[in-house]
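Below is the file target07.cif, which contains mmCIF, C-alpha atoms.
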data_upload
loop_
_atom_site.group_PDB
_atom_site.id
_atom_site.type_symbol
_atom_site.label_atom_id
_atom_site.label_comp_id
_atom_site.auth_asym_id
_atom_site.auth_seq_id
_atom_site.Cartn_x
_atom_site.Cartn_y
_atom_site.Cartn_z
ATOM 1 C CA MET A 23 16.290 -19.738 4.165
ATOM 2 C CA ILE A 24 15.342 -16.163 3.262
ATOM 3 C CA ARG A 25 17.803 -14.334 1.037
ATOM 4 C CA VAL A 26 18.087 -11.447 -1.413
ATOM 5 C CA PHE A 27 16.445 -11.899 -4.820
ATOM 6 C CA GLY A 28 18.982 -12.726 -7.546
ATOM 7 C CA LEU A 29 19.050 -13.211 -11.303
ATOM 8 C CA LEU A 30 18.835 -16.990 -10.912
ATOM 9 C CA ASP A 31 15.411 -16.525 -9.290
ATOM 10 C CA ILE A 32 13.806 -14.847 -12.326
ATOM 11 C CA SER A 33 12.015 -17.948 -13.611
ATOM 12 C CA ALA A 34 10.626 -18.947 -10.212
ATOM 13 C CA VAL A 35 9.492 -15.412 -9.346
ATOM 14 C CA ARG A 36 7.804 -15.106 -12.738
ATOM 15 C CA MET A 37 5.691 -18.119 -11.784
ATOM 16 C CA LEU A 38 5.059 -16.983 -8.210
ATOM 17 C CA GLN A 39 3.884 -13.511 -9.183
ATOM 18 C CA ARG A 40 0.934 -14.952 -11.111
ATOM 19 C CA SER A 41 -0.882 -15.680 -7.862
ATOM 20 C CA GLY A 42 0.730 -13.072 -5.618
ATOM 21 C CA VAL A 43 -0.969 -10.223 -3.772
ATOM 22 C CA TRP A 44 -0.347 -6.500 -4.252
ATOM 23 C CA LEU A 45 -0.233 -4.674 -0.932
ATOM 24 C CA ASP A 46 0.158 -1.175 -2.381
ATOM 25 C CA LEU A 47 -2.308 -0.417 -5.183
ATOM 26 C CA PHE A 48 -1.085 3.142 -5.656
ATOM 27 C CA HIS A 49 2.196 1.972 -7.176
ATOM 28 C CA PHE A 50 0.587 -0.899 -9.053
ATOM 29 C CA LEU A 51 -2.343 0.937 -10.632
ATOM 30 C CA ILE A 52 -0.536 3.997 -11.972
ATOM 31 C CA HIS A 53 2.604 2.187 -13.141
ATOM 32 C CA GLN A 54 1.321 -1.301 -14.091
ATOM 33 C CA ARG A 55 4.804 -2.719 -13.580
ATOM 34 C CA SER A 56 5.152 -6.382 -12.616
ATOM 35 C CA ALA A 57 6.760 -7.394 -9.349
ATOM 36 C CA LEU A 58 9.555 -9.130 -11.269
ATOM 37 C CA SER A 59 10.401 -6.101 -13.414
ATOM 38 C CA THR A 60 10.382 -3.953 -10.287
ATOM 39 C CA ALA A 61 12.795 -6.346 -8.559
ATOM 40 C CA LEU A 62 15.195 -6.166 -11.495
ATOM 41 C CA ILE A 63 15.454 -2.389 -11.040
ATOM 42 C CA ALA A 64 17.141 -2.785 -7.658
ATOM 43 C CA PRO A 65 19.491 -5.778 -7.216
ATOM 44 C CA VAL A 66 20.861 -4.388 -3.924
ATOM 45 C CA PRO A 67 18.230 -4.144 -1.126
ATOM 46 C CA TRP A 68 17.466 -0.658 0.201
ATOM 47 C CA TRP A 69 20.368 0.972 -1.595
ATOM 48 C CA GLY A 70 19.698 3.709 -4.141
ATOM 49 C CA THR A 71 16.095 3.002 -5.107
ATOM 50 C CA GLY A 72 14.887 2.073 -1.616
ATOM 51 C CA LEU A 73 13.563 -1.241 -2.910
ATOM 52 C CA ALA A 74 14.115 -4.557 -1.153
ATOM 53 C CA SER A 75 13.167 -7.917 -2.690
ATOM 54 C CA TYR A 76 13.603 -11.236 -0.868
ATOM 55 C CA VAL A 77 12.877 -14.883 -1.629
ATOM 56 C CA TRP A 78 12.290 -17.880 0.627
ATOM 57 C CA GLN A 79 14.327 -20.866 -0.513
ATOM 58 C CA THR A 80 13.679 -24.376 0.829
ATOM 59 C CA ASP A 81 14.805 -27.867 -0.153
ATOM 60 C CA HIS A 82 11.781 -27.974 -2.473
ATOM 61 C CA GLY A 83 12.771 -24.827 -4.333
ATOM 62 C CA LEU A 84 11.665 -21.207 -4.201
ATOM 63 C CA GLN A 85 8.526 -20.998 -2.056
ATOM 64 C CA GLY A 86 7.911 -17.279 -1.558
ATOM 65 C CA PHE A 87 8.700 -13.765 -2.671
ATOM 66 C CA VAL A 88 8.251 -10.392 -0.947
ATOM 67 C CA GLN A 89 8.961 -6.809 -1.914
ATOM 68 C CA MET A 90 9.168 -3.548 0.047
ATOM 69 C CA LEU A 91 9.778 0.099 -0.821
ATOM 70 C CA ARG A 92 11.182 2.681 1.574
ATOM 71 C CA ARG A 93 9.393 6.042 1.575
ATOM 72 C CA PRO A 94 11.361 9.276 1.015
ATOM 73 C CA SER A 95 11.217 10.112 4.740
ATOM 74 C CA GLY A 96 13.363 7.059 5.464
ATOM 75 C CA LEU A 97 11.215 6.293 8.517
ATOM 76 C CA GLU A 98 8.536 4.307 6.700
ATOM 77 C CA ALA A 99 8.246 1.565 4.117
ATOM 78 C CA ASP A 100 5.430 -0.057 2.149
ATOM 79 C CA LEU A 101 4.897 -3.726 1.501
ATOM 80 C CA LEU A 102 4.479 -3.852 -2.280
ATOM 81 C CA PHE A 103 3.985 -7.492 -3.169
ATOM 82 C CA LEU A 104 3.788 -10.906 -1.508
ATOM 83 C CA ALA A 105 3.620 -14.315 -3.166
ATOM 84 C CA PRO A 106 2.226 -16.901 -3.415
ATOM 85 C CA GLY A 107 -1.448 -16.210 -2.746
ATOM 86 C CA LEU A 108 -2.933 -17.673 0.428
ATOM 87 C CA GLU A 109 -5.261 -19.947 -1.527
ATOM 88 C CA ASP A 110 -2.377 -21.659 -3.342
ATOM 89 C CA SER A 111 -1.383 -24.119 -0.638
ATOM 90 C CA SER A 112 -2.001 -25.030 2.971
ATOM 91 C CA GLU A 113 1.664 -24.186 3.568
ATOM 92 C CA THR A 114 1.340 -20.618 2.258
ATOM 93 C CA PRO A 115 0.412 -19.044 5.631
ATOM 94 C CA ALA A 116 3.721 -20.288 7.055
ATOM 95 C CA THR A 117 5.511 -18.776 4.052
ATOM 96 C CA TRP A 118 3.818 -15.424 4.627
ATOM 97 C CA GLU A 119 4.608 -15.499 8.350
ATOM 98 C CA ALA A 120 8.289 -16.172 7.691
ATOM 99 C CA LEU A 121 8.576 -13.477 5.025
ATOM 100 C CA LEU A 122 6.660 -10.862 7.038
ATOM 101 C CA ALA A 123 8.798 -11.505 10.106
ATOM 102 C CA TYR A 124 11.916 -11.078 7.983
ATOM 103 C CA CYS A 125 10.545 -7.869 6.471
ATOM 104 C CA GLY A 126 10.047 -6.396 9.928
ATOM 105 C CA GLN A 127 13.569 -7.353 10.949
ATOM 106 C CA SER A 128 15.197 -6.095 7.749
ATOM 107 C CA ALA A 129 13.263 -2.806 7.698
ATOM 108 C CA GLY A 130 13.945 -2.218 11.391
ATOM 109 C CA GLU A 131 17.678 -2.618 10.816
ATOM 110 C CA GLN A 132 17.403 0.144 8.194
ATOM 111 C CA GLY A 133 15.867 2.540 10.716
ATOM 112 C CA VAL A 134 12.307 2.120 9.416
ATOM 113 C CA ARG A 135 9.745 2.745 12.166
ATOM 114 C CA ARG A 136 6.501 1.860 10.398
ATOM 115 C CA LEU A 137 5.676 -0.773 7.800
ATOM 116 C CA PHE A 138 2.463 -0.263 5.780
ATOM 117 C CA GLY A 139 0.250 -2.453 3.628
ATOM 118 C CA THR A 140 -3.265 -2.489 2.187
ATOM 119 C CA LEU A 141 -5.469 -5.532 1.621
ATOM 120 C CA PRO A 142 -9.105 -6.330 0.765
ATOM 121 C CA GLN A 143 -11.431 -5.586 3.682
ATOM 122 C CA GLY A 144 -12.368 -8.619 5.769
ATOM 123 C CA SER A 145 -9.991 -10.924 3.905
ATOM 124 C CA ALA A 146 -7.986 -13.824 5.255
ATOM 125 C CA GLU A 147 -4.866 -11.845 4.346
ATOM 126 C CA VAL A 148 -5.883 -9.076 6.758
ATOM 127 C CA ASP A 149 -6.309 -11.649 9.544
ATOM 128 C CA LEU A 150 -2.885 -13.123 8.848
ATOM 129 C CA LEU A 151 -1.168 -9.724 8.953
ATOM 130 C CA GLY A 152 -3.053 -8.966 12.169
ATOM 131 C CA ALA A 153 -1.503 -12.060 13.726
ATOM 132 C CA GLN A 154 1.913 -10.693 12.707
ATOM 133 C CA GLY A 155 1.469 -7.409 14.571
ATOM 134 C CA PHE A 156 -0.203 -5.296 11.891
ATOM 135 C CA GLY A 157 -3.246 -3.240 12.859
ATOM 136 C CA ILE A 158 -5.988 -1.640 10.737
ATOM 137 C CA TYR A 159 -6.005 2.132 11.150
ATOM 138 C CA THR A 160 -8.597 2.986 8.477
ATOM 139 C CA ASN A 161 -10.565 1.528 5.574
ATOM 140 C CA GLU A 162 -10.910 3.089 2.151
ATOM 141 C CA THR A 163 -12.704 2.725 -1.164
ATOM 142 C CA ILE A 164 -10.702 3.249 -4.341
ATOM 143 C CA PHE A 165 -12.721 4.972 -7.070
ATOM 144 C CA GLN A 166 -11.882 4.735 -10.746
ATOM 145 C CA LEU A 167 -12.690 6.949 -13.730
ATOM 146 C CA LEU A 168 -11.947 4.923 -16.847
ATOM 147 C CA GLN A 169 -12.469 7.712 -19.351
ATOM 148 C CA VAL A 170 -11.160 11.132 -18.325
ATOM 149 C CA PRO A 171 -13.161 13.770 -20.261
ATOM 150 C CA LEU A 172 -11.339 15.980 -22.709
ATOM 151 C CA ILE A 173 -13.151 19.104 -21.479
ATOM 152 C CA VAL A 174 -14.107 19.584 -17.810
ATOM 153 C CA PRO A 175 -16.407 22.419 -16.664
ATOM 154 C CA SER A 176 -14.787 24.930 -14.313
ATOM 155 C CA HIS A 177 -16.079 25.562 -10.779
ATOM 156 C CA ALA A 178 -16.100 28.769 -8.785
ATOM 157 C CA GLY A 179 -13.118 29.365 -6.557
ATOM 158 C CA GLN A 180 -9.633 30.755 -6.786
ATOM 159 C CA ILE A 181 -7.492 27.741 -7.642
ATOM 160 C CA ARG A 182 -3.808 28.176 -8.314
ATOM 161 C CA ALA A 183 -0.625 26.140 -8.374
ATOM 162 C CA GLN A 184 0.682 25.188 -4.944
ATOM 163 C CA GLN A 185 3.550 27.288 -3.645
ATOM 164 C CA GLU A 186 6.141 26.515 -0.997
ATOM 165 C CA GLU A 187 4.446 28.696 1.613
ATOM 166 C CA ASP A 188 1.205 26.695 1.239
ATOM 167 C CA ALA A 189 2.738 23.677 2.973
ATOM 168 C CA TRP A 190 1.778 25.001 6.422
ATOM 169 C CA TRP A 191 -1.854 25.360 5.375
ATOM 170 C CA LEU A 192 -1.966 21.836 3.955
ATOM 171 C CA ARG A 193 -0.482 20.366 7.130
ATOM 172 C CA ARG A 194 -3.121 22.301 9.070
ATOM 173 C CA LEU A 195 -5.923 20.858 6.907
ATOM 174 C CA TYR A 196 -4.494 17.367 7.411
ATOM 175 C CA GLY A 197 -4.503 17.892 11.173
ATOM 176 C CA LEU A 198 -8.059 19.271 11.201
ATOM 177 C CA TYR A 199 -9.745 16.605 9.081
ATOM 178 C CA THR A 200 -7.734 13.484 9.853
ATOM 179 C CA PRO A 201 -8.638 11.529 13.030
ATOM 180 C CA SER A 202 -5.926 11.436 15.681
ATOM 181 C CA PRO A 203 -5.454 7.623 15.537
ATOM 182 C CA VAL A 204 -4.789 7.886 11.794
ATOM 183 C CA GLN A 205 -2.347 10.745 12.309
ATOM 184 C CA SER A 206 -0.528 8.673 14.911
ATOM 185 C CA ALA A 207 -0.424 5.621 12.627
ATOM 186 C CA GLU A 208 0.925 7.690 9.749
ATOM 187 C CA GLY A 209 3.567 9.397 11.876
ATOM 188 C CA LEU A 210 2.336 12.990 11.863
ATOM 189 C CA GLY A 211 5.195 15.228 13.013
ATOM 190 C CA GLU A 212 7.901 12.884 11.723
ATOM 191 C CA ARG A 213 7.376 13.582 8.032
ATOM 192 C CA ASP A 214 8.084 16.713 6.048
ATOM 193 C CA GLU A 215 5.022 16.326 3.831
ATOM 194 C CA PRO A 216 2.001 14.403 5.191
ATOM 195 C CA THR A 217 -0.149 15.363 2.195
ATOM 196 C CA ALA A 218 1.865 13.868 -0.696
ATOM 197 C CA MET A 219 2.032 10.316 -1.963
ATOM 198 C CA PRO A 220 5.115 8.309 -0.936
ATOM 199 C CA MET A 221 6.991 7.998 -4.229
ATOM 200 C CA ALA A 222 10.624 7.059 -4.570
ATOM 201 C CA TRP A 223 12.785 9.358 -6.678
ATOM 202 C CA TRP A 224 13.247 6.811 -9.454
ATOM 203 C CA GLU A 225 9.503 6.269 -10.008
ATOM 204 C CA GLN A 226 8.307 9.852 -9.862
ATOM 205 C CA GLY A 227 6.257 10.702 -12.914
ATOM 206 C CA HIS A 228 4.594 13.975 -13.664
ATOM 207 C CA GLN A 229 3.177 15.616 -10.512
ATOM 208 C CA GLN A 230 0.981 18.674 -10.136
ATOM 209 C CA SER A 231 -0.306 20.363 -6.983
ATOM 210 C CA PHE A 232 -3.028 22.983 -6.596
ATOM 211 C CA VAL A 233 -4.714 24.852 -3.750
ATOM 212 C CA LEU A 234 -8.050 26.618 -3.417
ATOM 213 C CA GLU A 235 -7.655 29.982 -1.699
ATOM 214 C CA GLN A 236 -10.497 32.084 -0.285
ATOM 215 C CA GLY A 237 -10.156 35.194 1.850
ATOM 216 C CA GLY A 238 -6.405 34.756 2.126
ATOM 217 C CA GLU A 239 -6.737 31.238 3.548
ATOM 218 C CA ILE A 240 -6.192 27.870 1.913
ATOM 219 C CA GLN A 241 -9.451 25.923 2.009
ATOM 220 C CA GLY A 242 -8.300 22.828 0.156
ATOM 221 C CA GLY A 243 -5.544 21.208 -1.832
ATOM 222 C CA LEU A 244 -5.085 18.743 -4.669
ATOM 223 C CA HIS A 245 -2.133 16.538 -5.575
ATOM 224 C CA VAL A 246 -2.086 14.746 -8.952
ATOM 225 C CA VAL A 247 0.435 11.995 -9.663
ATOM 226 C CA SER A 248 0.665 10.685 -13.233
ATOM 227 C CA GLY A 249 2.368 7.360 -13.833
ATOM 228 C CA ARG A 250 2.972 5.099 -16.816
ATOM 229 C CA ARG A 251 -0.577 3.743 -16.871
ATOM 230 C CA GLY A 252 -2.760 5.994 -14.747
ATOM 231 C CA HIS A 253 -3.278 9.039 -12.555
ATOM 232 C CA TRP A 254 -3.882 9.286 -8.805
ATOM 233 C CA LEU A 255 -5.746 12.251 -7.305
ATOM 234 C CA ILE A 256 -5.433 13.189 -3.610
ATOM 235 C CA LEU A 257 -7.852 15.774 -2.203
ATOM 236 C CA HIS A 258 -7.161 17.703 1.013
ATOM 237 C CA GLY A 259 -9.574 19.736 3.078
ATOM 238 C CA ASP A 260 -13.032 19.383 4.558
ATOM 239 C CA PRO A 261 -14.591 16.318 2.858
ATOM 240 C CA GLY A 262 -18.016 17.731 3.741
ATOM 241 C CA ASP A 263 -17.394 20.918 1.760
ATOM 242 C CA SER A 264 -18.730 19.636 -1.554
ATOM 243 C CA LEU A 265 -18.178 22.931 -3.395
ATOM 244 C CA CYS A 266 -14.499 23.034 -2.472
ATOM 245 C CA MET A 267 -13.956 19.353 -3.244
ATOM 246 C CA ALA A 268 -15.827 19.590 -6.571
ATOM 247 C CA ALA A 269 -13.769 22.597 -7.647
ATOM 248 C CA LEU A 270 -10.484 20.848 -6.828
ATOM 249 C CA LEU A 271 -11.558 17.620 -8.501
ATOM 250 C CA SER A 272 -12.503 19.488 -11.679
ATOM 251 C CA GLU A 273 -9.105 21.178 -11.680
ATOM 252 C CA GLY A 274 -7.405 17.817 -11.382
ATOM 253 C CA LEU A 275 -9.380 16.335 -14.264
ATOM 254 C CA LYS A 276 -8.624 19.399 -16.382
ATOM 255 C CA ALA A 277 -4.919 18.887 -15.685
ATOM 256 C CA ILE A 278 -5.046 15.331 -17.089
ATOM 257 C CA GLY A 279 -7.847 15.902 -19.606
ATOM 258 C CA GLY A 280 -7.784 13.727 -22.702
ATOM 259 C CA THR A 281 -5.472 11.116 -21.197
ATOM 260 C CA PRO A 282 -5.932 7.524 -22.395
ATOM 261 C CA TRP A 283 -5.279 6.218 -18.884
ATOM 262 C CA PRO A 284 -7.776 6.001 -15.985
ATOM 263 C CA ALA A 285 -7.843 8.230 -12.917
ATOM 264 C CA TYR A 286 -8.054 6.925 -9.332
ATOM 265 C CA CYS A 287 -8.987 8.489 -6.015
ATOM 266 C CA ALA A 288 -9.133 6.833 -2.580
ATOM 267 C CA VAL A 289 -11.859 7.803 -0.103
ATOM 268 C CA ARG A 290 -11.271 6.814 3.504
ATOM 269 C CA ASP A 291 -14.016 6.032 6.030
ATOM 270 C CA TYR A 292 -13.859 9.506 7.540
ATOM 271 C CA GLN A 293 -14.035 11.211 4.100
ATOM 272 C CA GLY A 294 -17.548 10.079 3.227
ATOM 273 C CA GLY A 295 -18.512 13.439 1.741
ATOM 274 C CA LEU A 296 -16.127 12.852 -1.155
ATOM 275 C CA THR A 297 -18.086 9.898 -2.493
ATOM 276 C CA ALA A 298 -20.931 11.951 -3.968
ATOM 277 C CA VAL A 299 -18.489 14.469 -5.462
ATOM 278 C CA LEU A 300 -16.553 11.711 -7.238
ATOM 279 C CA GLN A 301 -19.676 9.957 -8.485
ATOM 280 C CA GLU A 302 -20.992 13.199 -9.974
ATOM 281 C CA GLN A 303 -17.865 13.266 -12.149
ATOM 282 C CA GLY A 304 -18.353 9.659 -13.249
ATOM 283 C CA PHE A 305 -16.052 7.858 -10.804
ATOM 284 C CA GLU A 306 -17.164 4.372 -9.774
ATOM 285 C CA PRO A 307 -16.040 2.255 -6.791
ATOM 286 C CA LEU A 308 -13.367 -0.229 -7.773
ATOM 287 C CA LEU A 309 -12.060 -1.833 -4.564
ATOM 288 C CA HIS A 310 -12.592 -1.734 -0.793
ATOM 289 C CA ARG A 311 -9.357 -1.955 1.149
ATOM 290 C CA SER A 312 -8.055 -1.873 4.713
ATOM 291 C CA ARG A 313 -4.917 0.106 5.495
ATOM 292 C CA LEU A 314 -2.605 -1.579 8.011
ATOM 293 C CA VAL A 315 0.518 -0.524 9.861
ATOM 294 C CA LYS A 316 3.086 -2.294 11.999
ATOM 295 C CA HIS A 317 5.250 -0.250 14.349
ATOM 296 C CA LEU A 318 8.750 -1.668 14.347
ATOM 297 C CA ALA A 319 10.988 -1.915 17.366
ATOM 298 C CA GLN A 320 14.187 0.110 17.210
ATOM 299 C CA ARG A 321 17.502 -1.010 18.629
ATOM 300 C CA VAL A 322 18.607 1.463 21.307
ATOM 301 C CA LYS A 323 22.020 1.572 22.928
ATOM 302 C CA ALA A 324 21.456 2.305 26.584
ATOM 303 C CA ALA A 325 24.137 4.307 28.344
ATOM 304 C CA GLU A 326 25.296 2.859 31.638
ATOM 305 C CA PRO A 327 26.752 5.131 34.326
ATOM 306 C CA ALA A 328 30.470 4.648 34.790
ATOM 307 C CA VAL A 329 31.594 3.605 38.243
ATOM 308 C CA VAL A 330 34.101 6.106 39.597
ATOM 309 C CA PRO A 331 36.173 5.030 42.622
ATOM 310 C CA SER A 332 35.585 7.247 45.612
ATOM 311 C CA LEU A 333 38.288 9.827 46.254
ATOM 312 C CA ALA A 334 39.745 10.483 49.654
ATOM 313 C CA VAL A 335 40.191 14.210 50.279
ATOM 314 C CA ARG A 336 42.634 15.230 52.996
ATOM 315 C CA ASN A 337 42.190 18.547 54.711
ATOM 316 C CA PHE A 338 45.556 20.166 55.454
ATOM 317 C CA SER A 339 44.171 23.261 57.095
#
Reformat the file's structure so that it appears as structure tokens.
Amino acid sequence: MIRVFGLLDISAVRMLQRSGVWLDLFHFLIHQRSALSTALIAPVPWWGTGLASYVWQTDHGLQGFVQMLRRPSGLEADLLFLAPGLEDSSETPATWEALLAYCGQSAGEQGVRRLFGTLPQGSAEVDLLGAQGFGIYTNETIFQLLQVPLIVPSHAGQIRAQQEEDAWWLRRLYGLYTPSPVQSAEGLGERDEPTAMPMAWWEQGHQQSFVLEQGGEIQGGLHVVSGRRGHWLILHGDPGDSLCMAALLSEGLKAIGGTPWPAYCAVRDYQGGLTAVLQEQGFEPLLHRSRLVKHLAQRVKAAEPAVVPSLAVRNFS
């Protein structure tokens, strides 16, 4: 039986999370909050925080735990955590299958259209999610800078804080430099802001956004999200334009300069030009991940034509 996580499950979930798998490293790396502490924030699934935590209870006790987070758009959700790990038992794949199927059903009932997750490239976990209807739409390497320098040299370029009217330019850059299959997987056209990280209102830390403007046009953008234990940098624009990317990256490091927490930046397969720029600033590859999405079926009420009895019309003329 799959049911909502409750206070009586704390002890069992504390044990399960030791071998569980994080399916969204963005939230985990910058906040460093355990799955259990996250579950305690939101006792009612989907309401308020957008979190949903479920457990699988059998006659042998609590066998599994899963957690999701709805994105601000309301149309998408991320798988955050799944336990136990696949290597724990020969019965774990069945646990994952049951929990993932329930996640799709529960999210679909909330109007969610796409369910996302990330996992190590080529892993057994990726294969299992593939069997449950998830598909890989891109791979990425997460880079880490353990020690953010106190002073960062400036680069040429007119960089300023992002303004409301810059949103059109950033959406244009996303459309130009993001492959169509990725845009389709990420729901381009259904979201207000395709260039920002999906953070719920209750977890939003300090955020800063910048753009690089040349000749009256926006050539690139930068979004910096600072959490409890780290910072995440998102670069927008032509990944092959090393000067633009280097200038934006330097601005981001200046904004968080002197922090005791590491900085992270994800480089997708089609953003190869960013790798050299990051490595020049001291970033090193940390993890290689696959990004997956499952498109959820939506319940539609079909309208049936009403049958109207034929009318006899008498002509009195």
Pairwise distance for CA of Pro284 (chain A) and CA of Ser231 (chain A), rounded to one decimal in Å: 18.5 Å
Region 290-293 of chain A surroundings by only C-alpha atoms, 9 Å radius, close-in-sequence under 5 positions cut, as number ranges by chain: A: 160-164, 199-201, 260-262
Output check: residues returned by the PyMOL selection byres ((chain A and resi 90-93) around 9), as a list in words: Trp68, Thr71, Gly72, Leu73, Ala74, Ser75, Tyr76, Val88, Gln89, Pro94, Ser95, Gly96, Leu97, Glu98, Ala99, Asp100, Leu101, Leu102, Phe103, Cys125, Ala129, Val134, Leu137, Pro220, Met221 and Ala222 of chain A
Export, as a short mmCIF file (atom, residue, chain, number, x, y, z; two decimals), in the coordinates of the input, the selected residues with C-alpha atoms.
data_model
loop_
_atom_site.label_atom_id
_atom_site.label_comp_id
_atom_site.auth_asym_id
_atom_site.auth_seq_id
_atom_site.Cartn_x
_atom_site.Cartn_y
_atom_site.Cartn_z
CA TRP A 68 17.47 -0.66 0.20
CA THR A 71 16.10 3.00 -5.11
CA GLY A 72 14.89 2.07 -1.62
CA LEU A 73 13.56 -1.24 -2.91
CA ALA A 74 14.12 -4.56 -1.15
CA SER A 75 13.17 -7.92 -2.69
CA TYR A 76 13.60 -11.24 -0.87
CA VAL A 88 8.25 -10.39 -0.95
CA GLN A 89 8.96 -6.81 -1.91
CA PRO A 94 11.36 9.28 1.01
CA SER A 95 11.22 10.11 4.74
CA GLY A 96 13.36 7.06 5.46
CA LEU A 97 11.22 6.29 8.52
CA GLU A 98 8.54 4.31 6.70
CA ALA A 99 8.25 1.56 4.12
CA ASP A 100 5.43 -0.06 2.15
CA LEU A 101 4.90 -3.73 1.50
CA LEU A 102 4.48 -3.85 -2.28
CA PHE A 103 3.98 -7.49 -3.17
CA CYS A 125 10.54 -7.87 6.47
CA ALA A 129 13.26 -2.81 7.70
CA VAL A 134 12.31 2.12 9.42
CA LEU A 137 5.68 -0.77 7.80
CA PRO A 220 5.12 8.31 -0.94
CA MET A 221 6.99 8.00 -4.23
CA ALA A 222 10.62 7.06 -4.57
#
Picked residues, the PyMOL selection byres ((chain A and resi 182) around 6), expected as a list in words: Ile181, Ala183, Phe232 and Val233 of chain A
Pull C-alpha atoms from the residues just selected and write them as a JSON list (two decimals), in the frame of the given file.
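To be explicit, this is the file written out as out_12.json:
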[["chain", "number", "residue", "atom", "x", "y", "z"],
["A", 181, "ILE", "CA", -7.49, 27.74, -7.64],
["A", 183, "ALA", "CA", -0.62, 26.14, -8.37],
["A", 232, "PHE", "CA", -3.03, 22.98, -6.60],
["A", 233, "VAL", "CA", -4.71, 24.85, -3.75]]
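Interatomic distance, CA of Leu257 (chain A) against CA of Gly243 (chain A): 5.9 Å.
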List every residue of region 127-207 of chain A that has an atom at most 9 Å from any atom of region 108-120 of chain A, and for each one report the closest atom pair and its distance in Å to one decimal, counting all atoms listed in the file, with rows sorted by chain and then by increasing residue number, as CSV.
residue,atom,partner,partner_atom,distance
A:Ala146,CA,A:Leu108,CA,8.0
A:Glu147,CA,A:Leu108,CA,7.3
A:Leu150,CA,A:Pro115,CA,7.5
A:Leu151,CA,A:Glu119,CA,8.2
A:Ala153,CA,A:Glu119,CA,8.8
A:Gln154,CA,A:Glu119,CA,7.0
Straight-line distance linking CA of Ala285 (chain A) with CA of Leu167 (chain A), stated in Å to one decimal: 5.1 Å
Option closest in space to Asp81 (chain A), from A:Ser56, A:Met23, A:Phe165, A:Gln303 [counting all atoms listed in the file]: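 For Asp81 (chain A), the nearest of the candidates is A:Met23.
Proximity of A:Ala319, A:Leu275, A:Val247, A:Leu29 to Glu131 (chain A), computed with all atoms listed in the file, is greatest for A:Ala319.
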Residue contacts of Trp44 (chain A) (9 Å, all atoms listed in the file) excluding same-chain residues fewer than 6 positions away, as an MDAnalysis selection string: chainID A and resid 50 57 101:105 139:141
Point (-16.3, 6.5, -19.4) neighbourhood (12 Å, all atoms listed in the file) written as a PyMOL selection string: chain A and resi 166-172+280-285+301+303-306
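Distances here use only C-alpha atoms; by that measure, the residue among A:Leu195, A:Ile278, A:Val299, A:Ala268 closest to Gly242 (chain A) is A:Leu195.
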Distance criterion (all atoms listed in the file): nearest to Gly294 (chain A) out of A:Arg313, A:Ala189, A:Ser264, A:Gln127: A:Ser264
Residues matched by the PyMOL selection byres ((chain A and resi 30) around 12), written as a list in words: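 Checked against the file, the PyMOL selection byres ((chain A and resi 30) around 12) matches Val26, Phe27, Gly28, Leu29, Asp31, Ile32, Ser33, Ala34, Val35, Arg36, Leu62, Pro65, Val77, Gln79, Gly83 and Leu84 of chain A.
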Selection export as an mmCIF file, in the frame of the given file, atoms kept: C-alpha atoms:
data_model
loop_
_atom_site.group_PDB
_atom_site.id
_atom_site.type_symbol
_atom_site.label_atom_id
_atom_site.label_comp_id
_atom_site.auth_asym_id
_atom_site.auth_seq_id
_atom_site.Cartn_x
_atom_site.Cartn_y
_atom_site.Cartn_z
ATOM 1 C CA VAL A 26 18.087 -11.447 -1.413
ATOM 2 C CA PHE A 27 16.445 -11.899 -4.820
ATOM 3 C CA GLY A 28 18.982 -12.726 -7.546
ATOM 4 C CA LEU A 29 19.050 -13.211 -11.303
ATOM 5 C CA ASP A 31 15.411 -16.525 -9.290
ATOM 6 C CA ILE A 32 13.806 -14.847 -12.326
ATOM 7 C CA SER A 33 12.015 -17.948 -13.611
ATOM 8 C CA ALA A 34 10.626 -18.947 -10.212
ATOM 9 C CA VAL A 35 9.492 -15.412 -9.346
ATOM 10 C CA ARG A 36 7.804 -15.106 -12.738
ATOM 11 C CA LEU A 62 15.195 -6.166 -11.495
ATOM 12 C CA PRO A 65 19.491 -5.778 -7.216
ATOM 13 C CA VAL A 77 12.877 -14.883 -1.629
ATOM 14 C CA GLN A 79 14.327 -20.866 -0.513
ATOM 15 C CA GLY A 83 12.771 -24.827 -4.333
ATOM 16 C CA LEU A 84 11.665 -21.207 -4.201
#
Pick from A:Arg136, A:His245, A:Arg193, A:His253, whichever lies nearest to Leu314 (chain A) using only C-alpha atoms: A:Arg136
